[in-house]
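Novice: For reference, the structure I am asking about is given below.
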Amino acid sequence: MNWVVRCVGDTPVEIGSLSTEEFFERYITGDHVLSNTSKNHFRRICHLLPPNETAAIPTIASEFVKYEHAYRQLTNLQLHAPQLAKIGVDNSTMPYLCQLRDHILRTVLWHEQEAEQQRRLAEQHATAEAERKAERQRRLAEEREKAETRRREKAAEKRRRQAIFDEESAKLRRDRERLQQQENRLEVHRTKLRSAIHKRLNEDFLRYDQHIVTKWLSLVRTVGFYQHEKMRFVSDWAAKRYKLPLDQEQAAAVGAVNRNVLVTARAGSGKTRVLTARALFLHKHCGIPAHRIMLLAFNRRAASEMESRLREWLGDDIPRVMTFHALAYALVHPSEKLLFDDKDEGKQHLSEVTQQVIDEHVRCPDFANRIRDLMFEHFSADWSRILTGGYHLSGQEFLDYRYSLQHETLRGDRVSNFGQKAIANLLAEHGVKYWFKRTIRWGGRRLRADFSVPRDAQRDLYIRFADSTHSDDDAAWKKLADAVKAGKFKGALLEYGPSELQALGKAGFAQRLCDDLRKHGLKPRRLDADELWKAVRDRAVDSFTQAMVNFVGRCRQRAWSLEELDQHAIQRKMNEDASDYEIEFYRIGRHVYAAYLARLERDELEDFNGLMLKAAEKVKGGTTRFERKGNAGDIRDIDYLHIDEYQDFSRSFYDLTSAMRMTNPKMNVFAVGDDWQAINGFAGSDLTYFHDFDEHFPNTRHLSITRNYRSHKRIVDASNALLTEDDEFAKAVNEEDGVVQVCSLDEFDPTRLEREILGARKSGGYSDSDEYEIAVARIAQEVARKGEVAFLNRTRDPDVVAGSTPKAAQSALRELLGEELRENVSVDTAHSYKGLERDAVVILDAVVNHYPLIHPHWIFGQIFGDTLKSIEAAELRLFYVAVSRAKDRLIICTQDSKRSSFLDTIQSVCDFPTLDVNELPPVIRNDSHRYEVRVLNSYEVRELLKKEDFTFVPGSDSQLSHWSSVMPAEEVTLDWIDKAPWNDGNVIIEVSDQTNKRIWSSTDGGDASALAPADPF
């Protein structure tokens, strides 16, 4: 029999065409309610029936319901026939019941096995869980035990540390108490020591240094305590006795009386105060007689300042105050006439005699030819570098100094590169007249042409040399060149570059330039040597004279004999970079030097250098008495020698000082100077005497005074920016910022009235090159209202202010200002202003070729040790001097196209604002009340405007093109405007006053009262 299982589990299945639930609903009805277990058993029985026995299902169901209890017994394996019979189960149903029993047995067995397995698994799980719990508890107990152990250890460590801490604290308290007791005892000693020091300093200041070091060093531990107390003593003494304030650095310098001392005094730090205060202290407190103290200066101004201060404190009983030259004169009493140049009184005796000696050589035919050849060679020597490719492929040294090195042309122009020099010399050699660096206005921009060559009945021919560098003007020059090609610019333009110079050589480039000049209507002709020399003789001789005067002076300052000069010349000749014309200059210079010495001896003349040499020889020979103008004394009596501006020391000064110390070995030297103000190398000063002070004076001490009392903070910062990292910086006492501004003069555009004011005072009228002068006048007008202002220039012939000398430039600048401002304005050189100060300082020329300025004659100074590097270092120090003259305002003027690298050095450290001169009020003259009349939209009446002396002004970024005229204010009336022939009713008329403020316009309705003359400004 095949049995078919039709379902598994409790999921409803199909039995025939009925589902299990439908089956139960059909066959188990009425009140017969089966438990879920009985339903499951019944379902299994039905599933085991063969398909052909399904008819028995109702019977089984009925019996199952009726005898559910019996079924339960069946499932409990109590299926016995007798029992089944009792419950009415017949034999026909037995097979099925047996099958059912077997199935139930298997099911029960499986369930029992599964239950057993589940039980075992549950037991295993419970065991494992119990073990895990026990393990956790064990580990937790271990952790608790470890934690407790750690806690006990930490507690023990804490107790141990606390014990140590308590012990150390107790020890520290004991130590503090012991130290406090020692400090108290030491303070008692200090008090006694301080009292003793002040007592001894008051009684015997001079001898106390050695005493304090030997006796009290064990208590003081360091001499610093003594030095501090000595400084306090000096400071208190000066303040109480003479109301003379001294800071700590100054007091330390004043109190340094027992050794040779060099004091480095930064600008504005009070070096004159220190010098005079030390002399005062020595005399009034230390009891040194005034005649045993001497103060030496390098110029009368400094000597007078020191003497004035000492007389204010001491009356007539003052130490000896002299210049070195005055002392030398008092020692020598020369019978010869003394030669010297006195700039203050306009006396040039030394230069005149030197000039006479040089003129004698110039007039000598042999020397005249040699000088001519020398100067021609000097002016054209740069061609050797051009031809060898040195122009744009030169070494690093040339690249570093190419913008600083000036080149002198045959005509005397100072040019900045070889190309400009070559073109200038070729023009001169071919008789072509030119202007150098003339201004061109184009496209609202001001350009400076290297050369402007005038042409008959045509606009000038402009020549430009474009070197290998780039500037902001390159684009403007390109636009101008395009305008020339397009016929929009009436002038002509020639441009050359380094490659053409190198490729063509001197002869080829000369031919190229002459051909180009002829194309533009000029007629260059090569001048012969005599013609050329005649054209440039005066200027060339002046240049030679200048170089030779400097050469002779420096030989004298070094006290060179002719033999020593020969030795140095031979050494220089052996140098590979010495040129033939440099050696020729030394040969001629030897003859001039010998003639100069002979002239002094013949005419019984003497210069300051010779005077210094004779003074040193006199002292070495035992002559120590000096007397001049009632100031008499003996070198052997001088115990304390004070030297001002020691950075300007030279061999002649050292020789005299050394001779004085040989005569009086106990002489104490106190020198004050600033190595960053050493700017007189051209006059023979040697900075090595400053740096090697210890070698020249034994038993020395170095001190510094760095607190700047002169300048505000930003100005001090600007000065410090020029120093090196190894230098000691100045410290500003005045914490106010002050004002430091950088002003570019390139973009300045003056008003028409300003042009008229300046042009009226010049014979040639106004030119575009005068714009810088107006810009400087605007600055002067602005700054002078607040105090005194000094305009400092690098050279004696200012480029931006009219005048061949500073004095002439000062007069010209003052002329542009109102009377109330004129006395507040001064113009001078940076050299001349050393030692001076002003409320405001304007540096006029922070441009290349001025800072640094390397003179074309520098090569003739190589015999004295001059190098490009040393010259630039001296120029940087000069710029430092100029910057440090200002008290509360500093303005540095430059030109963007020629900006000085020194200014870049400052601005790399300090960020200063710019000053736009265009924003300053225009220059106003009280004695010249004028109006400017502008006519716009005037093309139709332009010819009439020309007849009325109106000038056409091209348009720019700031204004429209117009016709302009400047006239007295009283002539500009409404009636005059109405009747003007050019007033056709279509033009626009504007009237501006001296401040460039528009006071009337035809578009405003024409208020006649606006044109009434106003009071002058």
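The way I read the labels, and the way they are meant: chains A, B, ... in the order of the structure tokens, residue 1 as the first residue of every chain, and ligand 1 as the first ligand shown, with later ones counted on from there.
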So which bits of range 476-606 of chain A end up strand (DSSP E or B) when you DSSP the backbone, as a PyMOL selection string?

Specialist: chain A and resi 492-496+605-606

Novice: Can you pull out every residue within 6 Å of range 429-431 of chain A, counting only C-alpha atoms, but drop anything in the same chain fewer than 2 positions away, and send it as a short mmCIF file (atom, residue, chain, number, x, y, z; two decimals) with C-alpha atoms, in the first residue's frame?

Specialist:
```cif
data_model
loop_
_atom_site.label_atom_id
_atom_site.label_comp_id
_atom_site.auth_asym_id
_atom_site.auth_seq_id
_atom_site.Cartn_x
_atom_site.Cartn_y
_atom_site.Cartn_z
CA ASN A 425 80.49 110.84 -27.22
CA LEU A 426 79.67 110.04 -30.86
CA LEU A 427 77.35 113.04 -31.08
CA PRO A 524 77.14 114.97 -38.77
CA ARG A 525 80.83 115.58 -39.48
CA ARG A 526 83.72 113.92 -37.75
CA LEU A 527 85.77 116.52 -35.87
#
```

Novice: Name all residues at most 6 Å from range 636-653 of chain A (count only C-alpha atoms; drop same-chain ones fewer than 5 positions away) and give them as number ranges by chain.

Specialist: A: 292-297, 612, 664, 667-673, 675, 678, 685-687, 690

Novice: Give the alpha helix (DSSP H) residues of range 628-782 of chain A, as assigned by DSSP on the backbone, as a ChimeraX atom specification.

Specialist: /A:651-663,688-691,693-696,713-720,752-759,771-782

Novice: Which residues are near Leu350 in chain A? Cut-off 12 Å, only C-alpha atoms, ignore same chain within fewer than 3 positions. Put them as a list in words.

Specialist: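 The contact residues come out as Lys337, Leu338, Leu339, Phe340, Asp341, Asp342, Lys343, Gly346, Lys347, Val353, Thr354, Gln355, Gln356, Val357, Val549, Asn550, Val552, Gly553, Tyr596, Arg599, Leu600, Leu605, Glu606, Asp607, Phe608 and Asn609 of chain A.
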
Novice: Which polymer residues have any atom within 12 Å of an atom of Asp797 in chain A, counting only C-alpha atoms, with same-chain residues fewer than 4 positions away left out, as a PyMOL selection string?

Specialist: chain A and resi 792-793+801-810+827-829+844-845+850

Novice: Hey, what's within 9 Å of Leu310 in chain A if we count only C-alpha atoms and toss same-chain stuff fewer than 6 positions away? As a CSV table (one decimal) with N, CA, C and O atoms, in the first residue's frame, please?

Specialist:
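Output contents, as saved in out-v2.csv:
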```csv
chain,number,residue,atom,x,y,z
A,276,THR,N,80.9,116.6,27.0
A,276,THR,CA,80.9,117.7,27.9
A,276,THR,C,80.6,117.3,29.4
A,276,THR,O,81.2,117.9,30.3
A,277,ALA,N,79.7,116.4,29.6
A,277,ALA,CA,79.4,116.0,30.9
A,277,ALA,C,80.5,115.3,31.6
A,277,ALA,O,80.8,115.4,32.8
A,279,ALA,N,83.8,115.8,30.9
A,279,ALA,CA,84.7,116.9,31.3
A,279,ALA,C,84.3,117.6,32.5
A,279,ALA,O,85.1,117.9,33.4
A,280,LEU,N,83.0,117.9,32.6
A,280,LEU,CA,82.4,118.6,33.7
A,280,LEU,C,82.6,117.8,35.0
A,280,LEU,O,83.0,118.3,36.1
A,316,ASP,N,84.2,130.8,33.0
A,316,ASP,CA,85.4,130.9,32.2
A,316,ASP,C,86.4,129.8,32.5
A,316,ASP,O,87.3,129.6,31.8
A,317,ASP,N,86.2,129.2,33.7
A,317,ASP,CA,87.2,128.1,34.1
A,317,ASP,C,86.8,126.8,33.4
A,317,ASP,O,86.2,125.9,34.1
A,318,ILE,N,87.0,126.7,32.1
A,318,ILE,CA,86.6,125.5,31.4
A,318,ILE,C,87.8,124.7,30.9
A,318,ILE,O,88.9,125.3,30.7
A,319,PRO,N,87.6,123.4,30.6
A,319,PRO,CA,88.7,122.7,30.0
A,319,PRO,C,89.1,123.2,28.6
A,319,PRO,O,88.4,124.1,28.1
```

Novice: From the list A:Gln959, A:Pro698, A:Arg311, A:Ala873, which residue is nearest Lys666 in chain A when using only C-alpha atoms?

Specialist: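 Looking at the shortest contact to Lys666 in chain A, the residue is A:Pro698.
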
Novice: Determine, counting only C-alpha atoms, which protein, DNA and RNA residues have an atom within 9 Å of an atom of Val263 in chain A; residues of the same chain fewer than 2 positions away are not included. Present the result as a ChimeraX atom specification.

Specialist: /A:253,261,265,271,670-674,701-705
